[in-house]
Every structure is written in structure tokens, then in C-alpha cells.
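K.L.:
Attaching a single structure in C-alpha cells format; questions to follow.
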Amino acid sequence: MSEPTQQPQEPEHFRITYNEVHNLIRASAEKIAQWKPDMLIAIGGGQVSRTYGFFPARVMRTFLKSPDRKGNIPIHAIGLSLYESLPGMTAEQIGAEVVRTQWLGPESGKVLLGRRALIVDEIDDSRKTLHYAITELQKDVERELALLPESEREAKRTKFAVFVVHNKLKPKLGDIPADIPYFAGQEIEDVWLDYPWEAVNIEEHDRLAAEGRAARAKQSA
């Protein structure tokens with residue numbers, strides 16, 4: 001008689017509420033405002049249902065409003081897919097290869113030139129997506145700078161920074177250059193994060209989030 005097959009263990013779910021995300025962004029914005037970004041680049045996914053950095057970028061803009069600036073900081077979007085199955089992708093590519101689904105347009109370098117651009121995502125997990133975004137955006141800038149007289153290039157060079165709502169404390173598979181400021185709303189263990197914008201039933205999501213908080217508080221007591 002064969003032994004029963006052991007089922008894979010369900011990963012621990014850490015449910016985040018809208019209010020928690022809002023407050024993490026508000027606390028981070030105080031430091032980010034000192035860096036003075038004048039452009040936000042939100043990382044989105046390959047499917048419309050996956051918002052990734054869109055919601056955090058919109059909330060961040062609220063807290064970066066300044067009487068010294070006329071109008072709101074513009075939000076631009078790029079689409080990158082790492083874990084989603086897109087048409088034409090093989091099973092080996094899913095989770096291993098970053099696929100570009102949307103970019104800043106054919107003149108990305110011109111859009112970026114001379115700006116202070118804050119790249120926004122919901123989570124820094126493996127860091128593959130962030131590494132890809134930074135590397136490709138920098139390439140666009142360098143191509144545009146090469147068209148300028150050498151004496152003008154440094155003044156027009158784009159400054160980048162990164163903000164993520166959560167940074168998972170785990171080994172990373174990509175790097176962020178040391179000269180790029182990095183801001184994280186919260187450092188968190190390597191758990192499965194459920195964001196409210198992924199929930200169909202938000203009341204049930206918030207109920208389970210409250211139960212999770214109570215259980216963690218009981219364990220740490």
C-alpha cells in the first residue's frame with residue numbers, strides 16, 4: 001500500500017488593507033518629498049486587473065503636493081510582467097523572464113530627460129522587475145543624452161529613485177545601483193501578500209486582515 005501523497009503547504013497570507021497602504025505611503029512621503037521628485041513612474045502588470053504600482057503612485061502624489069509647485073506631479077505608467085501568463089509565453093518564461101507590455105512611448109528618453117523620476121511599485125520581491133525597469137529607463141536616457149553636445153549631458157541626466165510599499169526580506173535576484181535612493185514603506189518577511197485591490201469581496205478581505213492581525217498579536221504576546 002503506497003503512502004498518501006503529501007500536499008504542498010499553503011503559504012502564509014498577509015492581508016493588507018487600503019488604510020494600511022495609505023498610512024505607509026504617507027509616512028514614506030515625508031522623506032521622499034525631500035528628494036523632490038517631479039515625475040512618478042508606476043509599474044503595472046501585463047493584465048488590467050493587476051495594478052501593482054498604480055494605486056500607490058496615485059496616493060503618493062497626494063502627499064507630495066507642494067505650494068511651491070504648480071499643478072500635480074505627472075504619473076506615467078510602464079507595464080512589466082514576471083509572474084503572469086501572457087500570450088506567446090512558455091511555462092519556463094513565467095517567473096523567470098521580465099516581459100515589457102507597456103512603455104513610455106517611442107520617445108521615452110525625451111520624456112525622461114532632466115527629470116527627477118520616482119519609480120513606484122507595490123512590492124520588492126525578487127527585485128527582477130525593478131532591476132529591469134531601472135536598467136531599461138537608464139538606457140533610454142543614455143541614448144537621448146548621446147544626441148546632445150557633451151557639455152550639456154550632465155545637466156540633462158535623469159535622476160531616479162525607487163519607492164515600494166513593501167520590501168520582502170529575502171535574497172534578491174537583481175540589483176539597484178547604489179546612487180539611486182531607495183524607499184520602502186515597510187520591511188516584511190517572505191510571506192504571501194494579498195493587497196486590497198486584488199480582492200473581489202473587500203469586506204471579506206478586511207475581515208480576514210483583522211483576524212490575521214489579531215492572531216499575530218496573540219502569538220507575539
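We label chains A, B, ... in the order they appear in the C-alpha cells, count residues from 1 in each chain, and number ligands from 1 in the order shown.
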Hey, what's within 9 Å of stretch 41-45 of chain A if we count only C-alpha atoms and toss same-chain stuff fewer than 5 positions away? As a count of residues only, please?
P.N.:
30
K.L.:
Just want the 10 Å neighbourhood of A:Leu112, counted on only C-alpha atoms, with same-chain residues fewer than 2 positions away dropped. Output as a list in words.
P.N.:
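My reading of the contact set: Met39, Leu104, Glu107, Ser108, Gly109, Lys110, Gly114, Arg115, Arg116, Ala117, Leu137, Gln138, Asp140, Val141, Glu144, Lys156, Arg157, Thr158, Lys159 and Phe160 of chain A.
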K.L.:
Give me a file of those residues, with all heavy atoms, as a short mmCIF file (atom, residue, chain, number, x, y, z; two decimals), in the first residue's frame.
P.N.:
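What follows is the written file out.cif:
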data_model
loop_
_atom_site.label_atom_id
_atom_site.label_comp_id
_atom_site.auth_asym_id
_atom_site.auth_seq_id
_atom_site.Cartn_x
_atom_site.Cartn_y
_atom_site.Cartn_z
N MET A 39 8.26 63.66 -11.26
CA MET A 39 7.64 62.70 -12.16
C MET A 39 7.53 61.36 -11.43
O MET A 39 8.45 60.95 -10.75
CB MET A 39 8.51 62.54 -13.42
CG MET A 39 8.08 61.49 -14.40
SD MET A 39 9.29 61.40 -15.76
CE MET A 39 8.49 60.20 -16.83
N LEU A 104 6.92 54.02 -22.03
CA LEU A 104 6.61 55.45 -22.03
C LEU A 104 6.39 56.02 -23.42
O LEU A 104 6.11 57.20 -23.56
CB LEU A 104 7.75 56.23 -21.35
CG LEU A 104 8.03 55.87 -19.89
CD1 LEU A 104 9.18 56.69 -19.36
CD2 LEU A 104 6.79 56.07 -19.03
N GLU A 107 9.45 57.86 -27.72
CA GLU A 107 10.43 58.88 -27.34
C GLU A 107 10.59 58.93 -25.82
O GLU A 107 10.56 59.98 -25.19
CB GLU A 107 10.03 60.25 -27.89
CG GLU A 107 10.03 60.29 -29.42
CD GLU A 107 9.81 61.69 -29.96
OE1 GLU A 107 9.18 62.50 -29.26
OE2 GLU A 107 10.27 61.95 -31.08
N SER A 108 10.75 57.75 -25.23
CA SER A 108 10.87 57.63 -23.78
C SER A 108 11.99 58.50 -23.23
O SER A 108 11.85 59.14 -22.18
CB SER A 108 11.10 56.17 -23.41
OG SER A 108 11.36 56.02 -22.04
N GLY A 109 13.14 58.50 -23.93
CA GLY A 109 14.27 59.28 -23.45
C GLY A 109 13.96 60.76 -23.33
O GLY A 109 14.37 61.42 -22.37
N LYS A 110 13.22 61.30 -24.30
CA LYS A 110 12.87 62.73 -24.26
C LYS A 110 11.93 63.03 -23.10
O LYS A 110 12.01 64.09 -22.48
CB LYS A 110 12.22 63.14 -25.58
CG LYS A 110 13.19 63.21 -26.75
CD LYS A 110 12.51 63.73 -28.01
CE LYS A 110 13.51 63.84 -29.16
NZ LYS A 110 12.87 64.32 -30.41
N GLY A 114 16.27 65.09 -17.95
CA GLY A 114 16.31 66.18 -17.00
C GLY A 114 15.33 66.08 -15.84
O GLY A 114 15.23 67.00 -15.03
N ARG A 115 14.63 64.95 -15.73
CA ARG A 115 13.60 64.82 -14.70
C ARG A 115 14.16 64.14 -13.45
O ARG A 115 15.20 63.48 -13.46
CB ARG A 115 12.41 63.99 -15.22
CG ARG A 115 11.82 64.49 -16.51
CD ARG A 115 11.26 65.90 -16.40
NE ARG A 115 10.09 65.97 -15.56
CZ ARG A 115 8.84 65.86 -16.03
NH1 ARG A 115 8.62 65.61 -17.30
NH2 ARG A 115 7.81 65.97 -15.20
N ARG A 116 13.41 64.29 -12.35
CA ARG A 116 13.66 63.55 -11.12
C ARG A 116 12.50 62.56 -10.99
O ARG A 116 11.41 62.91 -10.54
CB ARG A 116 13.75 64.49 -9.92
CG ARG A 116 14.87 65.51 -10.03
CD ARG A 116 14.94 66.43 -8.82
NE ARG A 116 15.32 65.72 -7.61
CZ ARG A 116 16.59 65.48 -7.26
NH1 ARG A 116 17.58 65.88 -8.05
NH2 ARG A 116 16.86 64.83 -6.14
N ALA A 117 12.75 61.33 -11.43
CA ALA A 117 11.68 60.34 -11.61
C ALA A 117 11.67 59.33 -10.48
O ALA A 117 12.68 58.65 -10.23
CB ALA A 117 11.84 59.63 -12.95
N LEU A 137 15.10 52.05 -18.41
CA LEU A 137 14.87 53.50 -18.39
C LEU A 137 16.19 54.26 -18.51
O LEU A 137 16.28 55.27 -19.21
CB LEU A 137 14.13 53.90 -17.11
CG LEU A 137 12.67 53.44 -17.01
CD1 LEU A 137 12.14 53.67 -15.60
CD2 LEU A 137 11.80 54.18 -18.02
N GLN A 138 17.21 53.77 -17.84
CA GLN A 138 18.53 54.40 -17.94
C GLN A 138 19.08 54.30 -19.36
O GLN A 138 19.71 55.23 -19.86
CB GLN A 138 19.50 53.77 -16.94
CG GLN A 138 19.24 54.18 -15.50
CD GLN A 138 20.21 53.55 -14.53
OE1 GLN A 138 20.66 52.41 -14.71
NE2 GLN A 138 20.57 54.28 -13.49
N ASP A 140 17.30 54.29 -22.09
CA ASP A 140 16.58 55.29 -22.88
C ASP A 140 17.18 56.67 -22.69
O ASP A 140 17.32 57.45 -23.64
CB ASP A 140 15.10 55.31 -22.48
CG ASP A 140 14.36 54.06 -22.93
OD1 ASP A 140 14.93 53.28 -23.71
OD2 ASP A 140 13.21 53.87 -22.49
N VAL A 141 17.52 57.00 -21.44
CA VAL A 141 18.12 58.30 -21.14
C VAL A 141 19.48 58.43 -21.82
O VAL A 141 19.78 59.48 -22.43
CB VAL A 141 18.26 58.49 -19.61
CG1 VAL A 141 19.07 59.75 -19.32
CG2 VAL A 141 16.88 58.58 -18.96
N GLU A 144 19.31 59.20 -25.48
CA GLU A 144 18.92 60.58 -25.75
C GLU A 144 20.05 61.55 -25.42
O GLU A 144 20.27 62.53 -26.15
CB GLU A 144 17.67 60.93 -24.93
CG GLU A 144 16.93 62.16 -25.39
CD GLU A 144 16.35 62.00 -26.79
OE1 GLU A 144 15.95 60.87 -27.15
OE2 GLU A 144 16.32 63.02 -27.52
N LYS A 156 21.41 67.41 -18.02
CA LYS A 156 20.16 66.82 -18.50
C LYS A 156 19.97 65.37 -18.04
O LYS A 156 18.94 64.77 -18.33
CB LYS A 156 20.13 66.86 -20.03
CG LYS A 156 19.99 68.25 -20.63
CD LYS A 156 18.58 68.77 -20.42
CE LYS A 156 18.37 70.09 -21.14
NZ LYS A 156 16.97 70.58 -20.99
N ARG A 157 20.95 64.83 -17.34
CA ARG A 157 20.87 63.42 -16.93
C ARG A 157 19.74 63.22 -15.92
O ARG A 157 19.61 63.96 -14.95
CB ARG A 157 22.19 62.96 -16.33
CG ARG A 157 22.29 61.45 -16.13
CD ARG A 157 23.67 61.06 -15.61
NE ARG A 157 24.71 61.47 -16.54
CZ ARG A 157 25.06 60.80 -17.63
NH1 ARG A 157 24.44 59.67 -17.92
NH2 ARG A 157 26.03 61.25 -18.41
N THR A 158 18.91 62.22 -16.16
CA THR A 158 17.77 61.94 -15.31
C THR A 158 18.21 61.36 -13.97
O THR A 158 19.10 60.52 -13.91
CB THR A 158 16.81 60.95 -16.00
OG1 THR A 158 16.50 61.45 -17.30
CG2 THR A 158 15.53 60.77 -15.21
N LYS A 159 17.58 61.82 -12.90
CA LYS A 159 17.80 61.27 -11.57
C LYS A 159 16.64 60.32 -11.26
O LYS A 159 15.48 60.67 -11.41
CB LYS A 159 17.87 62.38 -10.52
CG LYS A 159 18.93 63.44 -10.77
CD LYS A 159 20.32 62.86 -10.65
CE LYS A 159 21.38 63.95 -10.65
NZ LYS A 159 21.40 64.76 -11.88
N PHE A 160 16.96 59.11 -10.81
CA PHE A 160 15.95 58.12 -10.47
C PHE A 160 15.95 57.83 -8.97
O PHE A 160 16.99 57.89 -8.31
CB PHE A 160 16.18 56.81 -11.23
CG PHE A 160 15.91 56.89 -12.70
CD1 PHE A 160 16.96 56.97 -13.61
CD2 PHE A 160 14.61 56.87 -13.18
CE1 PHE A 160 16.72 57.03 -14.97
CE2 PHE A 160 14.36 56.93 -14.55
CZ PHE A 160 15.42 57.02 -15.45
#
K.L.:
Please run DSSP on the backbone and report, as an MDAnalysis selection string, all residues within chain A that come out as helix (DSSP H, G or I).
P.N.:
chainID A and resid 18:35 54:63 108:112 128:145 150:156 196:198 202:220
K.L.:
Excluding A:Gly212 and residues on its chain fewer than 4 positions from it, collect all residues at most 12 Å away from it, counting only C-alpha atoms, and give them as a list in words.
P.N.:
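The filter keeps Glu12, His13, Phe14, Arg15, Ile16, Thr17, Leu193, Asp194, His205, Asp206, Arg207, Leu208, Arg216, Ala217, Lys218 and Gln219 of chain A.
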K.L.:
Which value, in Å to one decimal, gives the distance between atom CA of A:His166 and atom CA of A:Asp124?
P.N.:
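Between atom CA of A:His166 and atom CA of A:Asp124 the gap works out to 6.3 Å.
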K.L.:
Restricting the calculation to only C-alpha atoms: of A:Lys36, A:Lys128, A:Lys65, A:Arg100, which residue gets closest to A:Pro171?
P.N.:
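Among the listed residues, the smallest separation from A:Pro171 belongs to A:Lys128.
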K.L.:
Could you jot down the atom CA of A:Ala214 to atom CA of A:Tyr195 separation for me, Å, one decimal place?
P.N.:
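So the two atoms, atom CA of A:Ala214 and atom CA of A:Tyr195, lie 18.0 Å apart.
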K.L.:
Which residues, written as a list in words, have at least one atom at most 9 Å from A:Lys31, with only C-alpha atoms counted and residues fewer than 4 positions away on the same chain left out?
P.N.:
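My list of contacting residues is Ala27, Trp35 and Phe183 of chain A.
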K.L.:
If DSSP is run on the backbone, what residues of stretch 71-151 of chain A are strand (DSSP E)? A reply as JSON, numbers by chain would be ideal.
P.N.:
{"A": [75, 76, 77, 78, 79, 80, 81, 99, 100, 101, 102, 116, 117, 118, 119, 120, 121, 122, 123, 124]}
K.L.:
Separation of atom CA of A:Arg127 and atom CA of A:Asp175, in Å?
P.N.:
7.0 Å
